[in-house]
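Q: The structure file work.cif (mmCIF, C-alpha atoms and all ligand atoms) is provided below.
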data_final
loop_
_atom_site.label_atom_id
_atom_site.label_comp_id
_atom_site.auth_asym_id
_atom_site.auth_seq_id
_atom_site.Cartn_x
_atom_site.Cartn_y
_atom_site.Cartn_z
CA MET A 195 25.50 -3.61 3.06
CA ARG A 196 25.59 -0.62 5.39
CA ALA A 197 25.36 2.78 3.72
CA GLN A 198 27.95 5.31 4.83
CA GLY A 199 26.47 7.75 7.30
CA ALA A 200 22.99 6.29 6.85
CA THR A 201 21.79 7.16 10.32
CA ASP A 202 23.05 10.71 9.76
CA THR A 203 21.23 11.15 6.47
CA VAL A 204 17.85 9.71 7.50
CA LYS A 205 17.01 11.50 10.73
CA LYS A 206 13.65 13.15 10.23
CA ILE A 207 10.96 10.78 9.01
CA CYS A 208 7.34 11.60 8.28
CA VAL A 209 4.68 8.91 7.89
CA PHE A 210 1.90 10.49 5.85
CA GLY A 211 -1.52 8.88 6.36
CA ALA A 212 -0.76 6.96 9.54
CA GLY A 213 -3.75 4.58 9.55
CA ALA A 214 -3.35 0.79 9.79
CA ILE A 215 -0.03 0.39 7.95
CA GLY A 216 1.35 3.85 8.68
CA GLY A 217 0.40 3.52 12.34
CA HIS A 218 2.30 0.22 12.54
CA LEU A 219 5.39 1.76 10.92
CA ALA A 220 5.28 4.97 12.94
CA ALA A 221 4.75 3.20 16.26
CA LYS A 222 7.74 0.90 15.72
CA LEU A 223 9.97 3.72 14.47
CA ALA A 224 9.00 5.97 17.37
CA ARG A 225 9.61 3.16 19.86
CA ALA A 226 13.13 2.82 18.50
CA GLY A 227 13.75 6.50 19.22
CA LEU A 228 13.69 7.83 15.66
CA ASP A 229 12.47 11.37 15.01
CA VAL A 230 9.07 10.44 13.57
CA SER A 231 6.11 12.61 12.71
CA VAL A 232 2.74 11.38 11.54
CA VAL A 233 0.23 13.13 9.34
CA ALA A 234 -3.25 11.97 10.26
CA ARG A 235 -6.71 13.45 10.60
CA GLY A 236 -10.03 13.35 12.42
CA ALA A 237 -10.65 11.37 15.60
CA HIS A 238 -7.55 9.23 14.95
CA LEU A 239 -5.31 12.32 14.98
CA GLN A 240 -7.00 13.67 18.08
CA ALA A 241 -6.51 10.36 19.90
CA ILE A 242 -2.82 10.15 18.91
CA ARG A 243 -2.31 13.69 20.19
CA GLU A 244 -4.13 13.12 23.44
CA LYS A 245 -3.17 9.54 24.33
CA GLY A 246 -0.36 8.62 21.95
CA LEU A 247 -0.23 6.01 19.19
CA ARG A 248 -0.88 2.55 20.58
CA PHE A 249 0.32 -0.65 18.87
CA THR A 250 -1.15 -4.01 19.82
CA SER A 251 -0.64 -7.58 18.63
CA ASP A 252 -0.82 -11.05 20.18
CA THR A 253 2.61 -10.45 21.69
CA GLU A 254 3.00 -6.67 22.09
CA ASP A 255 1.14 -3.70 23.48
CA PHE A 256 2.90 -0.36 23.70
CA VAL A 257 2.21 3.36 23.32
CA THR A 258 4.45 5.88 21.56
CA HIS A 259 4.22 9.61 21.17
CA PRO A 260 5.19 10.70 17.66
CA ASN A 261 4.69 14.30 16.65
CA ALA A 262 1.18 14.29 15.10
CA THR A 263 -0.48 16.85 12.87
CA SER A 264 -2.72 17.32 9.85
CA ASP A 265 -0.75 20.37 8.73
CA THR A 266 2.45 19.44 6.93
CA ARG A 267 3.66 23.06 7.04
CA GLU A 268 4.25 22.55 10.78
CA LEU A 269 6.73 19.79 9.97
CA GLY A 270 8.76 21.20 7.08
CA PRO A 271 11.26 19.30 4.92
CA GLN A 272 12.04 15.72 5.95
CA ASP A 273 14.89 13.32 5.24
CA LEU A 274 12.35 10.65 4.32
CA VAL A 275 8.61 10.61 3.70
CA ILE A 276 6.71 7.32 3.84
CA THR A 277 3.20 7.58 2.52
CA THR A 278 0.71 4.96 3.61
CA LEU A 279 -2.35 6.50 2.01
CA LYS A 280 -4.77 4.42 0.01
CA ALA A 281 -3.90 4.52 -3.71
CA HIS A 282 -6.88 6.69 -4.65
CA ALA A 283 -6.07 9.22 -1.89
CA LEU A 284 -2.56 9.93 -3.19
CA PRO A 285 -3.24 12.43 -6.00
CA GLY A 286 -5.46 14.56 -3.74
CA ALA A 287 -2.73 14.68 -1.08
CA ALA A 288 0.16 15.62 -3.39
CA GLU A 289 -0.01 19.33 -2.56
CA GLN A 290 -0.27 18.60 1.14
CA MET A 291 2.96 16.57 0.85
CA ALA A 292 4.92 19.35 -0.83
CA PRO A 293 6.05 21.13 2.40
CA LEU A 294 7.67 17.84 3.53
CA LEU A 295 9.98 17.72 0.55
CA GLY A 296 13.54 18.96 0.64
CA ARG A 297 15.60 18.97 -2.55
CA GLY A 298 16.42 15.26 -2.37
CA THR A 299 13.75 13.90 -0.04
CA PRO A 300 12.73 10.42 -1.25
CA VAL A 301 9.12 9.35 -0.87
CA VAL A 302 8.36 5.71 -0.13
CA PHE A 303 4.98 4.73 -1.58
CA ALA A 304 3.73 1.93 0.64
CA VAL A 305 0.61 0.97 -1.24
CA ASN A 306 -1.16 -2.05 -2.68
CA GLY A 307 -1.79 -2.57 -6.39
CA ILE A 308 -0.03 -1.02 -9.36
CA PRO A 309 1.62 2.11 -7.94
CA TRP A 310 1.20 5.48 -9.69
CA TRP A 311 4.94 5.60 -10.58
CA TYR A 312 4.81 2.23 -12.36
CA PRO A 313 4.28 3.56 -15.92
CA TYR A 314 7.19 6.02 -15.73
CA ARG A 315 10.44 4.87 -17.26
CA GLY A 316 11.90 8.35 -17.70
CA GLU A 317 10.27 11.67 -18.30
CA GLN A 318 7.00 10.45 -19.75
CA PRO A 319 4.68 7.59 -18.85
CA ALA A 320 5.16 4.67 -21.22
CA LEU A 321 1.65 3.42 -20.46
CA GLY A 322 -0.66 6.42 -20.75
CA PRO A 323 -3.93 4.74 -19.64
CA VAL A 324 -2.37 3.48 -16.39
CA ALA A 325 -0.89 6.91 -15.63
CA SER A 326 -4.19 8.67 -16.27
CA ARG A 327 -6.06 6.15 -14.14
CA LEU A 328 -3.74 6.37 -11.12
CA ASP A 329 -2.78 10.05 -11.31
CA PRO A 330 -5.61 11.54 -13.38
CA GLN A 331 -4.59 15.21 -13.24
CA GLY A 332 -0.87 14.46 -13.04
CA ALA A 333 -0.73 15.95 -9.51
CA LEU A 334 1.75 13.36 -8.21
CA TRP A 335 3.91 13.66 -11.28
CA LYS A 336 3.96 17.48 -11.16
CA THR A 337 4.29 17.95 -7.38
CA LEU A 338 6.51 15.03 -6.42
CA GLY A 339 7.95 13.62 -9.63
CA ALA A 340 8.66 9.96 -10.27
CA ASN A 341 12.35 10.43 -9.36
CA ARG A 342 11.55 10.77 -5.66
CA ALA A 343 9.53 7.55 -5.68
CA ILE A 344 10.67 4.41 -3.90
CA GLY A 345 8.33 1.44 -4.17
CA CYS A 346 7.24 -0.52 -1.12
CA VAL A 347 5.45 -3.87 -1.10
CA ILE A 348 3.71 -4.50 2.20
CA SER A 349 2.93 -7.92 3.65
CA SER A 350 1.54 -7.02 7.02
CA PRO A 351 -2.09 -7.35 8.12
CA ASN A 352 -3.14 -4.44 10.33
CA GLU A 353 -6.27 -2.58 11.29
CA VAL A 354 -7.18 0.57 13.19
CA ILE A 355 -9.33 -0.95 15.93
CA ALA A 356 -10.09 2.35 17.70
CA PRO A 357 -8.91 5.93 17.18
CA GLY A 358 -5.20 5.97 17.96
CA VAL A 359 -4.94 2.17 18.21
CA VAL A 360 -3.41 -0.07 15.53
CA HIS A 361 -3.65 -3.84 15.80
CA ASN A 362 -1.24 -6.15 13.92
CA ASN A 363 -2.48 -9.62 13.01
CA ARG A 364 0.77 -11.42 12.20
CA PRO A 365 4.13 -11.84 13.92
CA HIS A 366 6.09 -11.71 10.63
CA ASN A 367 5.68 -8.53 8.64
CA SER A 368 7.61 -7.55 5.56
CA PHE A 369 8.13 -4.22 3.85
CA ILE A 370 10.12 -4.69 0.65
CA VAL A 371 11.50 -1.43 -0.75
CA GLY A 372 13.03 -0.84 -4.14
CA GLU A 373 13.93 1.80 -6.69
CA PRO A 374 11.65 1.87 -9.75
CA THR A 375 14.88 1.78 -11.81
CA GLY A 376 16.02 -1.41 -10.07
CA GLN A 377 19.26 0.20 -8.88
CA MET A 378 20.64 -0.36 -5.40
CA THR A 379 21.14 3.35 -4.75
CA GLU A 380 22.75 5.04 -1.80
CA ARG A 381 19.42 6.50 -0.69
CA LEU A 382 17.85 3.02 -0.73
CA THR A 383 20.56 1.42 1.40
CA ALA A 384 20.50 4.46 3.69
CA LEU A 385 16.80 4.12 4.35
CA VAL A 386 17.01 0.38 4.95
CA THR A 387 19.85 0.91 7.39
CA ALA A 388 17.89 3.57 9.22
CA LEU A 389 14.58 1.65 9.40
CA GLN A 390 15.68 -1.96 9.85
CA PRO A 391 16.62 -1.86 13.54
CA ALA A 392 13.06 -0.76 14.30
CA LEU A 393 11.39 -2.77 11.56
CA PRO A 394 13.31 -6.01 10.90
CA GLY A 395 10.93 -6.80 8.02
CA VAL A 396 12.30 -3.92 5.93
CA ALA A 397 14.49 -5.18 3.09
CA ALA A 398 15.69 -3.81 -0.24
CA THR A 399 15.23 -5.42 -3.64
CA THR A 400 16.62 -4.66 -7.08
CA ASP A 401 13.38 -5.94 -8.61
CA ILE A 402 10.51 -4.08 -7.01
CA ARG A 403 8.27 -4.71 -10.04
CA THR A 404 8.41 -8.50 -9.56
CA ALA A 405 7.91 -8.12 -5.80
CA MET A 406 4.94 -5.89 -6.53
CA TRP A 407 3.29 -8.37 -8.92
CA ASN A 408 3.90 -11.29 -6.55
CA LYS A 409 1.92 -9.40 -3.91
CA LEU A 410 -0.60 -7.85 -6.29
CA ILE A 411 -1.97 -11.20 -7.44
CA LEU A 412 -2.99 -11.95 -3.85
CA ASN A 413 -4.90 -8.68 -3.56
CA LEU A 414 -6.32 -8.89 -7.07
CA ALA A 415 -7.66 -12.42 -6.62
CA GLY A 416 -8.38 -12.55 -2.89
CA SER A 417 -9.70 -9.12 -1.91
CA PRO A 418 -12.54 -8.76 -4.48
CA LEU A 419 -13.76 -12.28 -3.67
CA SER A 420 -13.75 -11.40 0.04
CA CYS A 421 -15.78 -8.30 -0.79
CA LEU A 422 -18.26 -10.20 -2.95
CA VAL A 423 -18.95 -12.85 -0.29
CA ASP A 424 -18.41 -10.49 2.66
CA ALA A 425 -16.01 -12.84 4.43
CA PRO A 426 -12.31 -13.16 5.22
CA TRP A 427 -10.40 -15.55 2.95
CA ILE A 428 -10.25 -18.36 5.45
CA GLU A 429 -14.01 -18.82 5.06
CA PHE A 430 -13.89 -19.66 1.33
CA THR A 431 -10.50 -21.26 0.66
CA GLY A 432 -12.14 -24.69 1.13
CA ASN A 433 -14.86 -24.01 -1.46
CA PRO A 434 -13.82 -25.62 -4.78
CA GLY A 435 -15.87 -23.18 -6.90
CA MET A 436 -14.28 -20.16 -5.18
CA VAL A 437 -10.83 -21.74 -5.56
CA ARG A 438 -11.47 -22.08 -9.31
CA ILE A 439 -12.35 -18.39 -9.64
CA PHE A 440 -9.36 -17.43 -7.48
CA THR A 441 -7.02 -19.55 -9.59
CA ALA A 442 -8.40 -18.12 -12.85
CA LEU A 443 -7.75 -14.58 -11.54
CA VAL A 444 -4.20 -15.46 -10.51
CA ASN A 445 -3.53 -17.04 -13.92
CA GLU A 446 -4.88 -14.06 -15.83
CA ALA A 447 -2.83 -11.57 -13.80
CA THR A 448 0.25 -13.77 -14.18
CA ARG A 449 -0.18 -13.64 -17.98
CA VAL A 450 -0.55 -9.85 -17.91
CA ALA A 451 2.62 -9.52 -15.83
CA ALA A 452 4.50 -11.83 -18.21
CA ALA A 453 3.39 -9.75 -21.19
CA HIS A 454 5.01 -6.75 -19.47
CA GLY A 455 8.25 -8.58 -18.75
CA VAL A 456 7.62 -9.75 -15.18
CA ALA A 457 7.72 -13.44 -14.27
CA VAL A 458 5.40 -13.93 -11.29
CA THR A 459 6.87 -16.62 -9.07
CA THR A 460 4.00 -17.04 -6.59
CA THR A 461 1.41 -19.67 -7.47
CA ALA A 462 -2.30 -19.87 -6.64
CA GLU A 463 -1.58 -22.94 -4.48
CA GLN A 464 0.99 -21.06 -2.41
CA LEU A 465 -1.39 -18.15 -1.93
CA LEU A 466 -4.26 -20.40 -0.93
CA ALA A 467 -2.04 -22.11 1.64
CA LEU A 468 -1.17 -18.69 3.07
CA MET A 469 -4.80 -17.55 3.04
CA GLN A 470 -5.84 -20.56 5.11
CA GLN A 471 -3.65 -19.34 7.95
CA VAL A 472 -4.95 -15.77 8.29
CA ARG A 473 -8.25 -14.60 9.74
CA HIS A 474 -7.47 -10.98 8.85
CA VAL A 475 -10.19 -9.04 7.00
CA PRO A 476 -8.44 -7.74 3.84
CA SER A 477 -8.18 -3.96 3.78
CA MET A 478 -10.49 -3.83 0.74
CA LEU A 479 -13.25 -5.62 2.65
CA ALA A 480 -12.65 -3.37 5.66
CA ASP A 481 -13.11 -0.39 3.32
CA LEU A 482 -16.27 -1.83 1.78
CA ARG A 483 -17.81 -2.54 5.18
CA ALA A 484 -16.99 1.01 6.29
CA LYS A 485 -18.41 2.42 3.00
CA ARG A 486 -15.04 3.94 2.14
CA PRO A 487 -13.74 4.12 -1.44
CA LEU A 488 -12.06 0.93 -2.68
CA GLU A 489 -8.63 0.65 -4.28
CA THR A 490 -10.14 -0.95 -7.35
CA ASP A 491 -8.31 1.27 -9.83
CA ALA A 492 -4.87 0.27 -8.53
CA ILE A 493 -5.68 -3.38 -7.85
CA LEU A 494 -8.02 -4.28 -10.74
CA GLY A 495 -8.43 -1.45 -13.25
CA ALA A 496 -4.73 -0.81 -13.86
CA VAL A 497 -4.22 -4.53 -14.48
CA GLN A 498 -7.09 -4.44 -17.00
CA ASP A 499 -5.35 -1.46 -18.67
CA LEU A 500 -2.08 -3.40 -18.83
CA ALA A 501 -3.94 -6.41 -20.24
CA ARG A 502 -5.54 -4.27 -22.98
CA ALA A 503 -2.17 -2.71 -23.81
CA ALA A 504 -0.69 -6.18 -24.32
CA GLY A 505 -3.72 -7.67 -26.10
CA ILE A 506 -4.41 -10.17 -23.30
CA ASP A 507 -7.96 -11.25 -22.49
CA THR A 508 -8.98 -11.20 -18.82
CA PRO A 509 -12.53 -12.58 -18.82
CA THR A 510 -12.64 -13.58 -15.15
CA LEU A 511 -11.09 -10.32 -13.99
CA ASP A 512 -13.56 -8.35 -16.08
CA ILE A 513 -16.54 -10.16 -14.53
CA ILE A 514 -15.22 -9.80 -11.00
CA ALA A 515 -14.40 -6.10 -11.53
CA ALA A 516 -17.94 -5.45 -12.82
CA LEU A 517 -19.53 -7.34 -9.90
CA LEU A 518 -17.36 -5.49 -7.40
CA GLU A 519 -18.16 -2.13 -8.93
CA GLN A 520 -21.87 -2.88 -8.67
CA ARG A 521 -21.58 -4.21 -5.12
CA ALA A 522 -19.72 -1.09 -4.03
CA ARG A 523 -22.30 1.07 -5.77
CA SER A 524 -25.19 -0.79 -4.12
CA LEU A 525 -23.56 -0.29 -0.74
CA ASN A 526 -23.20 3.36 -1.59
CA THR A 527 -19.43 3.56 -1.46
CA ASN A 528 -17.37 5.48 -3.95
CA PRO A 529 -15.95 2.49 -5.80
CA GLN A 530 -13.15 4.14 -7.83
CA ALA A 531 -14.15 1.37 -10.16
CA ALA A 532 -12.69 -0.05 -13.29
CA THR A 533 -15.04 0.72 -16.14
CA SER A 534 -13.15 -0.68 -19.08
N1 LIG B 1 -4.36 -2.65 6.31
C1 LIG B 1 -3.64 -3.69 5.90
O1 LIG B 1 -3.59 -4.73 6.56
C2 LIG B 1 -2.86 -3.61 4.64
C3 LIG B 1 -2.92 -2.52 3.80
N2 LIG B 1 -2.12 -2.49 2.69
C4 LIG B 1 -2.13 -1.32 1.81
O2 LIG B 1 -1.48 -0.25 2.50
C5 LIG B 1 -2.02 0.99 2.06
C6 LIG B 1 -2.53 1.73 3.30
O3 LIG B 1 -3.62 0.97 3.80
P1 LIG B 1 -4.19 1.14 5.28
O4 LIG B 1 -3.12 1.49 6.21
O5 LIG B 1 -5.02 -0.06 5.53
O6 LIG B 1 -5.15 2.40 5.08
P2 LIG B 1 -5.83 3.30 6.19
O7 LIG B 1 -7.08 3.85 5.60
O8 LIG B 1 -5.94 2.57 7.49
O9 LIG B 1 -4.78 4.47 6.40
C7 LIG B 1 -4.72 5.63 5.62
C8 LIG B 1 -4.87 6.78 6.59
O10 LIG B 1 -4.60 8.00 5.91
C9 LIG B 1 -5.56 8.96 6.36
N3 LIG B 1 -5.62 10.02 5.37
C10 LIG B 1 -6.13 9.97 4.12
N4 LIG B 1 -5.95 11.15 3.49
C11 LIG B 1 -5.33 11.96 4.38
C12 LIG B 1 -4.91 13.30 4.35
N5 LIG B 1 -5.07 14.05 3.25
N6 LIG B 1 -4.33 13.84 5.44
C13 LIG B 1 -4.15 13.09 6.55
N7 LIG B 1 -4.53 11.80 6.66
C14 LIG B 1 -5.12 11.25 5.59
C15 LIG B 1 -6.83 8.17 6.48
O11 LIG B 1 -7.78 8.87 7.23
P3 LIG B 1 -9.36 8.57 7.02
O12 LIG B 1 -9.58 7.23 7.68
O13 LIG B 1 -9.99 9.72 7.70
O14 LIG B 1 -9.60 8.52 5.55
C16 LIG B 1 -6.30 6.90 7.16
O15 LIG B 1 -6.19 7.09 8.56
C17 LIG B 1 -3.15 0.63 1.07
O16 LIG B 1 -2.65 0.67 -0.23
C18 LIG B 1 -3.51 -0.80 1.46
O17 LIG B 1 -4.06 -1.54 0.39
C19 LIG B 1 -1.23 -3.47 2.40
C20 LIG B 1 -1.11 -4.57 3.20
C21 LIG B 1 -1.96 -4.74 4.35
C1 LIG B 2 -3.85 -9.30 2.70
C2 LIG B 2 -2.98 -8.24 3.20
C3 LIG B 2 -3.17 -8.10 4.66
C4 LIG B 2 -1.55 -8.69 3.00
O1 LIG B 2 -0.62 -7.99 3.71
C5 LIG B 2 -3.35 -7.02 2.43
O2 LIG B 2 -2.65 -6.66 1.52
C6 LIG B 2 -4.61 -6.28 2.69
O3 LIG B 2 -5.26 -6.44 3.72
O4 LIG B 2 -4.94 -5.46 1.81
#
What does the file become when written as structure tokens?
Ligand SMILES: NC(=O)C1=CN([C@@H]2O[C@H](COP(=O)(O)OP(=O)(O)OC[C@H]3O[C@@H](n4cnc5c(N)ncnc54)[C@H](OP(=O)(O)O)[C@@H]3O)[C@@H](O)[C@H]2O)C=CC1
Ligand SMILES: CC(C)(CO)C(=O)C(=O)O

A:
Amino acid sequence: MRAQGATDTVKKICVFGAGAIGGHLAAKLARAGLDVSVVARGAHLQAIREKGLRFTSDTEDFVTHPNATSDTRELGPQDLVITTLKAHALPGAAEQMAPLLGRGTPVVFAVNGIPWWYPYRGEQPALGPVASRLDPQGALWKTLGANRAIGCVISSPNEVIAPGVVHNNRPHNSFIVGEPTGQMTERLTALVTALQPALPGVAATTDIRTAMWNKLILNLAGSPLSCLVDAPWIEFTGNPGMVRIFTALVNEATRVAAAHGVAVTTTAEQLLALMQQVRHVPSMLADLRAKRPLETDAILGAVQDLARAAGIDTPTLDIIAALLEQRARSLNTNPQAATS
């Protein structure tokens, strides 16, 4: 369905936190001639400003020149903001995002794990522990508000291989967007219409929560194991003991989702088949190796909270979360760890 006037309503787009995923999105949008700005920082920002934003893959290599800054006040209100920050970086960036927001500017949260908006079903969070874990001071809620939020489930392996250079590891990339309410709103169809020509993997769903869980189980089961053995998935998918742990994690998360009304449709077997095809280092392992904070609260801790709320036991998840927390601590990262 094509939204009326979609290209007129979504003209100015800001990608906030243009690292691996944001860099991919911004490069493709800029190549298609859209009015794209990126918010970035450090050497990456400097490189984008000086040499442009370069996208590489097995089949493509191109440079674009989006407007790049670390100061959102230079950009002003946008028609659409896409944030591609790590989950734990979102609350601290809420104030920085404020200048980008016009009265009705939607914000797409392209992020792994349980997103901060997930507990809101109206004015108040229905699941207090999840809300306080993912938005501890309520900065996102107060500055942005859950009504602006559009969910986005990313299946697209990317890495920043040098300042200003994003490498994509798969020809097929998908970015599923959906309203937390499940409605097919005008703003949702407008954004899909605006983005799809540049990013054919963008598609809308009326069930973003199921899409989110179907992806989350891959990150919840695969990424911590990668971190614990310091290897991409492909190196342990043939190990029967690792497959047993992986399957137990998938089964526990599937039970938690079911207790909250979501029927996960992806199986451990399907995920393992997918994992055998990709040599990509999961973003959590990339973070661990770089001693950056891990998204453990969104990917593990929030699922533990949801399990507790529903009275579901997650023995394997609890062990893996504790091991990961300790591993991150030993490596001197800031683990953002689950401590339940
Ligand atoms: N990479 C991947 O292949 C995939 C990632 N995902 C998910 O997508 C989300 C984004 O991940 P990814 O792209 O890998 O993350 P990155 O760390 O590559 O990108 C985030 C970028 O935001 C920058 N940043 C953080 N805070 C600010 C700020 N206040 N102002 C300006 N820039 C800021 C970071 O800079 P700095 O480096 O200086 O902190 C970094 O460049 C995560 O939830 C991840 O789990 C999902 C699927 C695949
Ligand atoms: C596994 C992958 C690449 C899936 O898109 C991912 O989510 C990550 O690296 O965190």

Q: Considering only C-alpha atoms, can you say which of A:Val458, A:Leu414, A:Ala224, A:Val354 comes closest to Ile514 (chain A)?

A: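 Checking each candidate against Ile514 (chain A), we get A:Leu414 as the closest.
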
Q: Using CA of Leu338 (chain A) and CA of His238 (chain A) as the two end points, give the distance in Å to one decimal.

A: 26.2 Å

Q: Using all atoms listed in the file, pick whichever of A:Glu353, A:Ile411, A:Asn363, A:Thr387 has the shortest atom-to-atom distance to Leu479 (chain A).

A: A:Glu353

Q: Within 12 Å of (1.3, 7.8, -16.9) (coordinates as in the file), grab all the protein and nucleic acid residues, counting only C-alpha atoms, and write them out as a ChimeraX atom specification.

A: /A:308-336,339-340,496,499-500

Q: Could you check which of A:Gln470, A:Asn433, A:Thr379, A:Thr337 is closest to ligand LIG 2 (chain B), using only C-alpha atoms and all ligand atoms?

A: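 Closest to ligand LIG 2 (chain B), using only C-alpha atoms and all ligand atoms: A:Gln470.
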
Q: Skipping near chain neighbours, those fewer than 2 positions away, what residues fall within 10 Å of Asn367 (chain A) using all atoms listed in the file, listed as a VMD selection string?

A: chain A and resid 348 to 352 362 to 365 369 to 370 393 to 396

Q: Figure out the distance between CA of Phe210 (chain A) and CA of Leu223 (chain A), please, to one decimal in Å.

A: 13.6 Å

Q: Writing C-alpha atoms and nothing else, produce region 421-470 of chain A as a tab-separated table (two decimals), in the first residue's frame.

A:
chain	number	residue	atom	x	y	z
A	421	CYS	CA	31.24	-14.12	23.80
A	422	LEU	CA	31.94	-16.98	26.21
A	423	VAL	CA	33.95	-18.97	23.66
A	424	ASP	CA	35.31	-15.90	21.84
A	425	ALA	CA	34.30	-17.18	18.40
A	426	PRO	CA	31.74	-16.51	15.68
A	427	TRP	CA	28.78	-18.92	15.65
A	428	ILE	CA	30.03	-20.94	12.72
A	429	GLU	CA	32.85	-22.27	14.91
A	430	PHE	CA	30.56	-23.95	17.46
A	431	THR	CA	27.36	-24.91	15.64
A	432	GLY	CA	28.86	-28.38	15.05
A	433	ASN	CA	29.59	-28.95	18.76
A	434	PRO	CA	26.77	-31.07	20.26
A	435	GLY	CA	27.29	-29.72	23.79
A	436	MET	CA	27.09	-26.10	22.57
A	437	VAL	CA	24.01	-26.96	20.49
A	438	ARG	CA	22.34	-28.34	23.65
A	439	ILE	CA	22.99	-25.11	25.57
A	440	PHE	CA	21.84	-23.04	22.58
A	441	THR	CA	18.64	-25.07	22.27
A	442	ALA	CA	17.92	-24.80	26.01
A	443	LEU	CA	18.26	-21.01	25.79
A	444	VAL	CA	15.94	-20.83	22.78
A	445	ASN	CA	13.37	-23.02	24.56
A	446	GLU	CA	13.46	-20.95	27.74
A	447	ALA	CA	13.04	-17.67	25.85
A	448	THR	CA	10.25	-19.19	23.77
A	449	ARG	CA	8.39	-20.09	27.00
A	450	VAL	CA	8.86	-16.57	28.37
A	451	ALA	CA	7.49	-15.07	25.14
A	452	ALA	CA	4.50	-17.44	25.23
A	453	ALA	CA	3.75	-16.44	28.82
A	454	HIS	CA	3.53	-12.84	27.57
A	455	GLY	CA	1.25	-13.70	24.67
A	456	VAL	CA	3.79	-14.07	21.86
A	457	ALA	CA	4.12	-17.32	19.90
A	458	VAL	CA	7.72	-17.54	18.68
A	459	THR	CA	7.73	-19.23	15.30
A	460	THR	CA	11.49	-19.62	14.80
A	461	THR	CA	13.01	-22.88	16.03
A	462	ALA	CA	16.50	-23.65	17.33
A	463	GLU	CA	17.07	-25.87	14.27
A	464	GLN	CA	16.24	-23.05	11.88
A	465	LEU	CA	18.54	-20.68	13.73
A	466	LEU	CA	21.39	-23.16	13.78
A	467	ALA	CA	21.02	-23.68	10.03
A	468	LEU	CA	21.25	-19.91	9.55
A	469	MET	CA	24.22	-19.61	11.90
A	470	GLN	CA	26.17	-22.17	9.89
